[in-house]
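J.: Structure file work_24.cif (mmCIF, C-alpha atoms (C1' of nucleotides)) is given on the next line.
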data_start
loop_
_atom_site.label_atom_id
_atom_site.label_comp_id
_atom_site.auth_asym_id
_atom_site.auth_seq_id
_atom_site.Cartn_x
_atom_site.Cartn_y
_atom_site.Cartn_z
CA MET A 1 6.52 8.85 27.07
CA ARG A 2 4.61 7.06 24.33
CA ILE A 3 6.36 4.49 22.14
CA LEU A 4 4.75 3.02 19.04
CA THR A 5 6.00 0.14 16.88
CA TRP A 6 4.50 -0.76 13.51
CA ASN A 7 5.40 -2.98 10.58
CA VAL A 8 4.14 -0.72 7.80
CA ASN A 9 4.92 -3.07 4.87
CA SER A 10 6.39 -0.24 2.74
CA ILE A 11 6.60 3.26 4.16
CA ARG A 12 6.14 4.85 0.75
CA ILE A 13 2.84 3.15 -0.09
CA ARG A 14 1.62 3.46 3.52
CA LEU A 15 2.22 7.21 3.96
CA PRO A 16 -1.51 8.19 4.11
CA GLN A 17 -2.24 5.57 6.76
CA PHE A 18 0.96 6.49 8.56
CA PHE A 19 -0.07 10.17 8.84
CA GLU A 20 -3.47 9.17 10.19
CA ILE A 21 -1.97 6.86 12.83
CA ILE A 22 0.66 9.38 13.93
CA ALA A 23 -1.92 12.19 14.20
CA LYS A 24 -4.22 9.99 16.24
CA TYR A 25 -1.72 8.43 18.66
CA GLN A 26 0.99 11.12 18.70
CA PRO A 27 3.84 8.91 19.92
CA ASP A 28 6.99 10.55 21.28
CA VAL A 29 9.05 7.88 19.56
CA PHE A 30 8.05 5.40 16.88
CA CYS A 31 9.75 2.40 15.31
CA LEU A 32 8.88 1.11 11.84
CA GLN A 33 9.72 -2.19 10.19
CA GLU A 34 9.56 -3.28 6.55
CA THR A 35 10.09 0.23 5.24
CA LYS A 36 11.13 -1.50 1.99
CA THR A 37 13.18 1.29 0.51
CA PRO A 38 16.83 2.28 0.07
CA ASP A 39 17.71 5.35 2.16
CA GLU A 40 17.81 7.66 -0.87
CA PHE A 41 14.10 7.04 -1.52
CA PHE A 42 13.01 7.18 2.15
CA PRO A 43 10.34 9.91 2.57
CA LEU A 44 12.44 11.58 5.25
CA ASN A 45 11.00 15.06 4.90
CA ASP A 46 7.43 13.80 5.30
CA LEU A 47 8.26 12.12 8.60
CA VAL A 48 10.32 15.04 9.93
CA MET A 49 7.53 17.46 9.03
CA ALA A 50 5.09 15.26 10.95
CA GLY A 51 6.96 16.44 14.07
CA TYR A 52 9.93 14.11 14.39
CA PRO A 53 13.23 15.98 13.95
CA TYR A 54 15.40 13.17 15.37
CA TYR A 55 15.78 9.92 13.46
CA HIS A 56 17.85 6.90 12.59
CA PHE A 57 17.06 4.46 9.79
CA THR A 58 18.54 1.95 7.39
CA GLY A 59 16.90 0.43 4.35
CA MET A 60 17.50 -1.57 1.21
CA LYS A 61 15.77 -2.26 -2.08
CA SER A 62 12.49 -4.20 -1.85
CA TYR A 63 12.99 -5.92 1.49
CA ASN A 64 13.29 -5.24 5.22
CA GLY A 65 14.30 -1.80 6.49
CA VAL A 66 13.91 -0.33 9.99
CA ALA A 67 13.45 3.26 11.19
CA ILE A 68 13.28 5.15 14.49
CA PHE A 69 11.81 8.68 14.67
CA SER A 70 11.62 10.80 17.79
CA LYS A 71 10.51 14.12 19.26
CA ILE A 72 13.29 13.62 21.84
CA PRO A 73 16.99 13.88 20.91
CA LEU A 74 18.74 10.62 19.99
CA SER A 75 22.38 9.63 20.32
CA ASP A 76 24.65 6.58 19.92
CA LYS A 77 22.95 5.45 16.71
CA GLN A 78 23.87 1.87 15.80
CA ILE A 79 23.23 -0.47 12.87
CA TYR A 80 23.79 -4.19 13.43
CA ASN A 81 24.69 -6.61 10.67
CA ARG A 82 23.46 -9.92 11.99
CA TYR A 83 24.10 -13.31 10.39
CA ASN A 84 26.85 -11.66 8.31
CA LYS A 85 24.26 -9.83 6.24
CA ASN A 86 23.65 -6.12 5.74
CA ASP A 87 19.94 -6.77 5.66
CA CYS A 88 18.66 -3.77 7.61
CA ARG A 89 16.83 -5.56 10.39
CA HIS A 90 18.24 -4.16 13.64
CA ILE A 91 19.11 -0.64 14.77
CA SER A 92 19.36 1.01 18.15
CA VAL A 93 19.55 4.51 19.64
CA LYS A 94 19.79 6.14 22.98
CA VAL A 95 16.68 8.23 23.68
CA ASP A 96 18.06 11.15 25.65
CA ASP A 97 15.02 11.82 27.80
CA LYS A 98 16.00 14.33 30.49
CA GLU A 99 14.45 12.36 33.35
CA LYS A 100 14.64 8.75 32.21
CA PRO A 101 17.01 8.09 29.30
CA PHE A 102 16.90 4.60 27.82
CA GLU A 103 18.29 2.56 24.96
CA LEU A 104 15.81 1.59 22.25
CA HIS A 105 16.27 -1.38 19.88
CA ASN A 106 14.13 -1.72 16.75
CA ILE A 107 14.30 -5.33 15.51
CA TYR A 108 12.80 -7.09 12.50
CA ILE A 109 13.39 -10.81 12.95
CA PRO A 110 13.26 -12.78 9.66
CA ALA A 111 9.89 -14.39 8.92
CA GLY A 112 11.63 -17.69 8.26
CA GLY A 113 9.85 -19.09 5.19
CA HIS A 114 7.27 -21.86 5.20
CA GLU A 115 9.29 -24.99 5.99
CA ALA A 116 9.93 -25.27 9.75
CA ASP A 117 13.08 -27.33 9.34
CA PRO A 118 16.53 -25.70 9.58
CA GLU A 119 18.09 -28.66 7.73
CA VAL A 120 15.90 -28.03 4.70
CA SER A 121 15.16 -24.31 4.80
CA ASP A 122 17.85 -21.64 4.62
CA SER A 123 15.36 -18.98 5.68
CA PHE A 124 14.22 -20.91 8.74
CA ARG A 125 17.84 -21.51 9.74
CA HIS A 126 18.51 -17.80 9.18
CA LYS A 127 15.63 -16.95 11.53
CA LEU A 128 16.82 -19.27 14.31
CA GLU A 129 20.43 -18.11 14.07
CA PHE A 130 19.34 -14.47 13.97
CA VAL A 131 17.54 -14.94 17.30
CA ASP A 132 20.58 -16.80 18.69
CA GLU A 133 22.74 -13.81 17.77
CA LEU A 134 20.34 -11.43 19.52
CA THR A 135 20.47 -13.60 22.65
CA GLU A 136 24.24 -13.68 22.60
CA TRP A 137 24.56 -9.95 21.97
CA PHE A 138 22.16 -8.88 24.73
CA SER A 139 23.68 -11.40 27.17
CA ASN A 140 27.20 -10.15 26.52
CA GLU A 141 26.73 -6.46 25.85
CA ARG A 142 23.83 -5.45 28.11
CA SER A 143 22.66 -6.16 31.64
CA ALA A 144 19.32 -6.65 33.34
CA ASP A 145 20.09 -3.45 35.28
CA ASP A 146 20.24 -1.32 32.11
CA ALA A 147 17.27 0.73 30.91
CA VAL A 148 16.54 -1.03 27.61
CA ILE A 149 13.45 -1.27 25.42
CA ALA A 150 13.34 -3.79 22.56
CA VAL A 151 10.51 -3.49 20.06
CA GLY A 152 9.61 -4.70 16.63
CA ASP A 153 8.20 -7.39 14.42
CA PHE A 154 9.74 -10.48 15.98
CA ASN A 155 7.81 -12.81 13.64
CA ILE A 156 7.25 -15.22 16.55
CA ALA A 157 4.05 -15.55 18.59
CA PRO A 158 5.30 -17.06 21.86
CA LEU A 159 2.16 -17.69 23.95
CA GLU A 160 -0.81 -19.97 23.32
CA ASN A 161 -3.13 -16.99 23.15
CA ASP A 162 -0.79 -15.14 20.80
CA VAL A 163 -2.20 -17.35 18.01
CA TRP A 164 -5.75 -18.13 16.88
CA SER A 165 -5.21 -21.86 17.44
CA HIS A 166 -2.26 -23.13 19.44
CA LYS A 167 -2.85 -26.71 18.29
CA GLN A 168 -3.17 -25.86 14.61
CA MET A 169 -0.16 -23.55 14.68
CA LEU A 170 2.35 -25.84 16.41
CA LYS A 171 3.97 -26.87 13.12
CA VAL A 172 3.52 -23.52 11.40
CA VAL A 173 6.49 -21.12 11.22
CA SER A 174 5.96 -18.35 13.84
CA HIS A 175 4.68 -20.65 16.60
CA THR A 176 6.85 -23.80 16.47
CA PRO A 177 8.38 -24.92 19.79
CA VAL A 178 11.94 -24.33 18.56
CA GLU A 179 11.18 -20.71 17.67
CA VAL A 180 9.34 -20.08 20.92
CA GLU A 181 12.24 -21.61 22.85
CA LYS A 182 14.77 -19.38 21.09
CA LEU A 183 12.66 -16.25 21.55
CA THR A 184 12.29 -17.13 25.24
CA LYS A 185 16.08 -17.36 25.57
CA PHE A 186 16.38 -13.91 24.00
CA PHE A 187 13.63 -12.69 26.37
CA ASN A 188 15.51 -14.08 29.39
CA SER A 189 18.92 -12.74 28.25
CA ILE A 190 18.50 -9.53 30.26
CA LYS A 191 15.23 -10.50 31.97
CA PHE A 192 12.91 -8.51 29.73
CA VAL A 193 9.29 -7.94 30.71
CA ASP A 194 6.59 -8.17 28.04
CA ALA A 195 5.06 -4.69 28.28
CA VAL A 196 1.99 -5.76 26.28
CA ARG A 197 1.13 -8.83 28.33
CA HIS A 198 1.75 -6.67 31.41
CA PHE A 199 -1.63 -5.12 30.52
CA TYR A 200 -3.38 -7.87 28.54
CA PRO A 201 -3.60 -11.14 30.52
CA ALA A 202 -2.06 -14.23 28.90
CA SER A 203 -5.47 -15.92 29.20
CA GLU A 204 -6.90 -13.63 26.52
CA LYS A 205 -6.30 -13.80 22.77
CA LEU A 206 -4.36 -10.86 21.39
CA PHE A 207 -3.13 -10.42 17.81
CA SER A 208 -1.15 -7.81 15.88
CA TRP A 209 -1.14 -9.42 12.40
CA TRP A 210 -3.69 -10.96 10.05
CA SER A 211 -2.74 -12.40 6.66
CA TYR A 212 -3.73 -10.52 3.52
CA ARG A 213 -4.81 -13.90 2.16
CA SER A 214 -8.00 -13.96 4.13
CA ALA A 215 -11.10 -12.42 2.59
CA ASN A 216 -12.62 -11.85 5.99
CA TRP A 217 -9.77 -11.30 8.44
CA ASP A 218 -12.06 -9.83 11.12
CA MET A 219 -14.66 -12.62 11.20
CA ALA A 220 -12.20 -15.48 10.63
CA ASP A 221 -9.79 -13.82 13.10
CA ARG A 222 -6.88 -16.10 12.32
CA GLY A 223 -4.41 -13.63 13.76
CA LEU A 224 -1.00 -13.82 15.39
CA ARG A 225 0.79 -11.58 17.91
CA LEU A 226 4.09 -11.05 16.12
CA ASP A 227 4.82 -7.47 17.20
CA HIS A 228 6.28 -6.86 20.63
CA ILE A 229 7.46 -4.26 23.14
CA TRP A 230 9.78 -5.55 25.85
CA VAL A 231 11.30 -3.50 28.68
CA THR A 232 13.89 -4.20 31.34
CA LYS A 233 12.92 -4.20 35.01
CA LYS A 234 14.10 -0.64 35.62
CA LEU A 235 11.25 0.54 33.39
CA VAL A 236 8.48 -1.78 34.58
CA ALA A 237 7.31 0.47 37.43
CA GLY A 238 6.84 3.25 34.89
CA LEU A 239 4.49 1.28 32.58
CA LYS A 240 1.22 3.20 32.31
CA GLN A 241 -0.87 1.93 29.42
CA CYS A 242 -0.85 -0.25 26.31
CA GLN A 243 -2.89 -0.12 23.11
CA VAL A 244 -3.08 -2.62 20.25
CA PRO A 245 -5.60 -0.90 17.95
CA ARG A 246 -7.24 -3.69 15.95
CA ASP A 247 -9.28 -1.26 13.84
CA VAL A 248 -6.09 -0.21 12.02
CA ARG A 249 -6.24 -3.53 10.14
CA GLY A 250 -9.58 -2.38 8.71
CA MET A 251 -8.24 0.83 7.14
CA GLU A 252 -8.22 1.30 3.42
CA ARG A 253 -5.07 -0.33 1.97
CA PRO A 254 -3.89 -1.51 5.39
CA SER A 255 -0.61 -3.02 6.43
CA ASP A 256 -1.05 -6.66 7.45
CA HIS A 257 0.32 -5.58 10.88
CA ILE A 258 -1.23 -3.13 13.34
CA PRO A 259 0.68 -0.80 15.68
CA VAL A 260 1.55 -1.69 19.26
CA ILE A 261 1.71 1.29 21.62
CA VAL A 262 3.01 1.56 25.18
CA ASP A 263 2.97 4.55 27.52
CA LEU A 264 5.62 4.81 30.23
"C1'" DA B 1 -4.28 -30.44 0.20
"C1'" DT B 2 -4.73 -26.17 -1.98
"C1'" DG B 3 -5.11 -21.40 -2.60
"C1'" DG B 4 -6.00 -17.33 -0.94
"C1'" DT B 5 -3.23 -11.23 -1.18
"C1'" DT B 6 0.11 -7.65 -1.15
"C1'" DG B 7 4.38 -5.17 -2.35
"C1'" DC B 8 8.47 -4.79 -4.71
"C1'" DT B 9 12.09 0.12 -9.82
"C1'" DT B 10 7.29 -5.71 -13.38
"C1'" DG B 11 8.34 -10.28 -12.26
"C1'" DG B 12 9.37 -14.03 -9.47
"C1'" DC B 13 10.02 -13.73 -4.74
"C1'" DA B 14 9.13 -12.78 0.31
"C1'" DA B 15 5.83 -12.12 3.57
#
Transcribe the structure of this file into structure tokens.

T.:
Amino acid sequence: MRILTWNVNSIRIRLPQFFEIIAKYQPDVFCLQETKTPDEFFPLNDLVMAGYPYYHFTGMKSYNGVAIFSKIPLSDKQIYNRYNKNDCRHISVKVDDKEKPFELHNIYIPAGGHEADPEVSDSFRHKLEFVDELTEWFSNERSADDAVIAVGDFNIAPLENDVWSHKQMLKVVSHTPVEVEKLTKFFNSIKFVDAVRHFYPASEKLFSWWSYRSANWDMADRGLRLDHIWVTKKLVAGLKQCQVPRDVRGMERPSDHIPVIVDL
DNA sequence: ATGGTTGCTTGGCAA
């Protein structure tokens, strides 16, 4: 079972790169974030024809949007309206794998703006409260004994080596202590395991995003690990491999995020 | 400290 998550930053403009990635990695299930389109303009037929007859997605004009596509049948499709907004950031499905069914959550946590102060910034407060809601929901509605996978662009880089400079990022939204603390509470809600750091030691730098505003992203390498795949303990023994293909950032007209891929 | 880029039913935002 191969699962891929990718913030495509518009599915419509990224279709050529999307086809190349899907052909190369051939995931069984993939989750997209920032599809940036209302459902009526979603290129559904293109994705189905790529080999994914089962799907669940929700989008809106210009912003956000999440999608799950699968070669394996899906059921119990849910859309969550967090923070009293219909902002298309969290969906889930059951992946009805014959041997090991599991529940899959695709989550796009708000970026949170530039000002890391919830008193001043509505978007930063939105981000913190969004994560609080996730923590509460998983604590109340799911258990550490369930087979659950949570993936997506969490817009938080929790570990020191998830950012290019821990010291220089401490006051920058995505790596502030308050965000890391809240993400850690969400992580601990049903005792998730970080399936990526399961393979890449925490002592080594690992990024999944580089800003567009850097002429030389590769050399400067001011990246962040914002994109995550977490699994509950039932699934840990089945973890086989992980890939975070950095070269995807060097494609023509790239997304600012690269895919994260886990085999179970 | 500032500005740097991309994408969005094109024009000021969000990322």

J.: Based on all atoms listed in the file, which of the residues in chain B come within 7 Å of chain A? I want them as a list of chain:residue names.

T.: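 So the residues of chain B near chain A are B:DG4, B:DT5, B:DT6, B:DC8.
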
J.: With the file shown as input, list the residues that the PyMOL selection byres ((chain A and resi 39) around 8) selects, as an NGL selection string.

T.: :A and (37-38 or 40-42 or 57-60)

J.: Determine the residue membership of the PyMOL selection byres ((chain A and resi 187) around 10) for the file above and supply it as a PyMOL selection string.

T.: chain A and resi 134-135+138+150+181-186+188-194+230-232

J.: Report as a PyMOL selection string the residues that result from applying the PyMOL selection byres ((chain A and resi 79-87) around 8) to the structure here.

T.: chain A and resi 58-60+64-65+77-78+88-92+126+129-130+133

J.: Applying 7 Å and all atoms listed in the file, which residues near A:Val95 remain after dropping the ones on its own chain fewer than 3 positions away? List them as an mmCIF file with C-alpha atoms, in the frame of the given file.

T.:
data_model
loop_
_atom_site.group_PDB
_atom_site.id
_atom_site.type_symbol
_atom_site.label_atom_id
_atom_site.label_comp_id
_atom_site.auth_asym_id
_atom_site.auth_seq_id
_atom_site.Cartn_x
_atom_site.Cartn_y
_atom_site.Cartn_z
ATOM 1 C CA ILE A 72 13.290 13.620 21.840
ATOM 2 C CA PRO A 73 16.990 13.880 20.910
ATOM 3 C CA LEU A 74 18.740 10.620 19.990
ATOM 4 C CA SER A 75 22.380 9.630 20.320
ATOM 5 C CA PRO A 101 17.010 8.090 29.300
ATOM 6 C CA PHE A 102 16.900 4.600 27.820
ATOM 7 C CA GLU A 103 18.290 2.560 24.960
ATOM 8 C CA LEU A 104 15.810 1.590 22.250
#

J.: Residues near A:Lys100, anyone? I mean within 12 Å using all atoms listed in the file, not counting same-chain ones fewer than 6 positions away, as a PDB file with C-alpha atoms, in the frame of the given file.

T.:
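As written to disk, part04.pdb reads:
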ATOM      1  CA  MET A   1       6.520   8.850  27.070  1.00  0.00           C
ATOM      2  CA  ILE A  72      13.290  13.620  21.840  1.00  0.00           C
ATOM      3  CA  LYS A  94      19.790   6.140  22.980  1.00  0.00           C
ATOM      4  CA  ASP A 146      20.240  -1.320  32.110  1.00  0.00           C
ATOM      5  CA  ALA A 147      17.270   0.730  30.910  1.00  0.00           C
ATOM      6  CA  VAL A 148      16.540  -1.030  27.610  1.00  0.00           C
ATOM      7  CA  LYS A 234      14.100  -0.640  35.620  1.00  0.00           C
ATOM      8  CA  LEU A 235      11.250   0.540  33.390  1.00  0.00           C
ATOM      9  CA  GLY A 238       6.840   3.250  34.890  1.00  0.00           C
ATOM     10  CA  LEU A 264       5.620   4.810  30.230  1.00  0.00           C
TER      11      LEU A 264
END

J.: May I ask for the distance between atom CA of A:Leu4 and atom CA of A:Phe30, given in Å to one decimal place?

T.: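 These atoms are spaced 4.6 Å apart.
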
J.: Rounded to one decimal, what separation in Å do you get between atom CA of A:Asp97 and atom CA of A:His198?

T.: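 Distance between the two atoms: 23.0 Å.
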
J.: Please, which residues are within 10 Å of (6.3, 10.2, 20.6) by the file's coordinates, counting all atoms listed in the file, and could they come as a list in words?

T.: Met1, Arg2, Ile3, Leu4, Ile22, Tyr25, Gln26, Pro27, Asp28, Val29, Phe30, Gly51, Tyr52, Phe69, Ser70, Lys71, Ile72 and Asp263 of chain A

J.: Grab the atom CA of A:Tyr200 to atom CA of A:Gln243 distance for me, in Å with one decimal place.

T.: 9.5 Å

J.: Could you give me, as a VMD selection string, the residues that have an atom at most 12 Å away from the point (-3.8, 7.7, 7.9) in the coordinates of the file, using all atoms listed in the file?

T.: chain A and resid 8 11 13 to 25 248 to 255

J.: For A:Arg197, find every residue with an atom within 12 Å (counting only C-alpha atoms (C1' of nucleotides)), except residues of its own chain fewer than 2 positions away, and show them as a short mmCIF file (atom, residue, chain, number, x, y, z; two decimals) with C-alpha atoms, in the frame of the given file.

T.:
data_model
loop_
_atom_site.label_atom_id
_atom_site.label_comp_id
_atom_site.auth_asym_id
_atom_site.auth_seq_id
_atom_site.Cartn_x
_atom_site.Cartn_y
_atom_site.Cartn_z
CA PRO A 158 5.30 -17.06 21.86
CA LEU A 159 2.16 -17.69 23.95
CA ASN A 161 -3.13 -16.99 23.15
CA ASP A 162 -0.79 -15.14 20.80
CA PHE A 192 12.91 -8.51 29.73
CA VAL A 193 9.29 -7.94 30.71
CA ASP A 194 6.59 -8.17 28.04
CA ALA A 195 5.06 -4.69 28.28
CA PHE A 199 -1.63 -5.12 30.52
CA TYR A 200 -3.38 -7.87 28.54
CA PRO A 201 -3.60 -11.14 30.52
CA ALA A 202 -2.06 -14.23 28.90
CA SER A 203 -5.47 -15.92 29.20
CA GLU A 204 -6.90 -13.63 26.52
CA LYS A 205 -6.30 -13.80 22.77
CA LEU A 206 -4.36 -10.86 21.39
CA PHE A 207 -3.13 -10.42 17.81
CA ARG A 225 0.79 -11.58 17.91
CA ASP A 227 4.82 -7.47 17.20
CA HIS A 228 6.28 -6.86 20.63
CA ILE A 229 7.46 -4.26 23.14
CA TRP A 230 9.78 -5.55 25.85
CA VAL A 231 11.30 -3.50 28.68
CA VAL A 236 8.48 -1.78 34.58
CA LEU A 239 4.49 1.28 32.58
CA GLN A 241 -0.87 1.93 29.42
CA CYS A 242 -0.85 -0.25 26.31
CA GLN A 243 -2.89 -0.12 23.11
CA VAL A 244 -3.08 -2.62 20.25
CA VAL A 260 1.55 -1.69 19.26
CA VAL A 262 3.01 1.56 25.18
#

J.: Would you mind putting back N, CA, C and O atoms on stretch 211-232 of chain A, then writing it out as a compact mmCIF listing (two decimals), in the coordinates of the input?

T.:
# COMPACT_ATOMS: atom_id res chain seq x y z
N SER A 211 -3.19 -12.22 8.04
CA SER A 211 -2.74 -12.40 6.66
C SER A 211 -3.62 -11.61 5.68
O SER A 211 -4.83 -11.48 5.87
N TYR A 212 -2.98 -11.13 4.61
CA TYR A 212 -3.73 -10.52 3.52
C TYR A 212 -4.58 -11.58 2.79
O TYR A 212 -5.52 -11.24 2.09
N ARG A 213 -4.16 -12.85 2.93
CA ARG A 213 -4.81 -13.90 2.16
C ARG A 213 -6.09 -14.40 2.81
O ARG A 213 -6.44 -15.57 2.67
N SER A 214 -6.75 -13.57 3.52
CA SER A 214 -8.00 -13.96 4.13
C SER A 214 -9.05 -12.91 3.75
O SER A 214 -8.89 -11.73 4.05
N ALA A 215 -10.09 -13.36 3.07
CA ALA A 215 -11.10 -12.42 2.59
C ALA A 215 -11.73 -11.69 3.77
O ALA A 215 -12.01 -10.51 3.70
N ASN A 216 -11.93 -12.43 4.85
CA ASN A 216 -12.62 -11.85 5.99
C ASN A 216 -11.76 -11.99 7.25
O ASN A 216 -12.04 -12.82 8.12
N TRP A 217 -10.73 -11.18 7.33
CA TRP A 217 -9.77 -11.30 8.44
C TRP A 217 -10.45 -11.10 9.80
O TRP A 217 -10.11 -11.76 10.78
N ASP A 218 -11.44 -10.20 9.85
CA ASP A 218 -12.06 -9.83 11.12
C ASP A 218 -12.93 -10.96 11.66
O ASP A 218 -12.83 -11.34 12.83
N MET A 219 -13.77 -11.52 10.79
CA MET A 219 -14.66 -12.62 11.20
C MET A 219 -13.87 -13.89 11.44
O MET A 219 -14.05 -14.57 12.45
N ALA A 220 -12.99 -14.25 10.49
CA ALA A 220 -12.20 -15.48 10.63
C ALA A 220 -11.25 -15.35 11.82
O ALA A 220 -11.05 -16.29 12.57
N ASP A 221 -10.66 -14.16 11.96
CA ASP A 221 -9.79 -13.82 13.10
C ASP A 221 -8.66 -14.81 13.31
O ASP A 221 -8.34 -15.19 14.43
N ARG A 222 -8.04 -15.21 12.21
CA ARG A 222 -6.88 -16.10 12.32
C ARG A 222 -5.62 -15.25 12.45
O ARG A 222 -4.77 -15.23 11.55
N GLY A 223 -5.51 -14.56 13.56
CA GLY A 223 -4.41 -13.63 13.76
C GLY A 223 -3.27 -14.21 14.56
O GLY A 223 -3.36 -15.31 15.12
N LEU A 224 -2.18 -13.46 14.60
CA LEU A 224 -1.00 -13.82 15.39
C LEU A 224 -0.48 -12.56 16.08
O LEU A 224 -0.60 -11.46 15.54
N ARG A 225 0.12 -12.73 17.25
CA ARG A 225 0.79 -11.58 17.91
C ARG A 225 2.28 -11.70 17.62
O ARG A 225 3.02 -12.39 18.32
N LEU A 226 2.70 -10.99 16.57
CA LEU A 226 4.09 -11.05 16.12
C LEU A 226 4.88 -9.83 16.56
O LEU A 226 6.12 -9.84 16.51
N ASP A 227 4.18 -8.76 16.94
CA ASP A 227 4.82 -7.47 17.20
C ASP A 227 4.87 -7.23 18.71
O ASP A 227 3.87 -7.40 19.40
N HIS A 228 6.04 -6.84 19.19
CA HIS A 228 6.28 -6.86 20.63
C HIS A 228 6.96 -5.58 21.13
O HIS A 228 7.67 -4.92 20.38
N ILE A 229 6.71 -5.30 22.42
CA ILE A 229 7.46 -4.26 23.14
C ILE A 229 7.90 -4.88 24.46
O ILE A 229 7.06 -5.28 25.27
N TRP A 230 9.20 -4.98 24.62
CA TRP A 230 9.78 -5.55 25.85
C TRP A 230 10.58 -4.46 26.56
O TRP A 230 11.25 -3.65 25.91
N VAL A 231 10.53 -4.47 27.89
CA VAL A 231 11.30 -3.50 28.68
C VAL A 231 12.06 -4.22 29.79
O VAL A 231 11.62 -5.27 30.26
N THR A 232 13.16 -3.62 30.20
CA THR A 232 13.89 -4.20 31.34
C THR A 232 13.25 -3.73 32.66
O THR A 232 12.45 -2.80 32.68
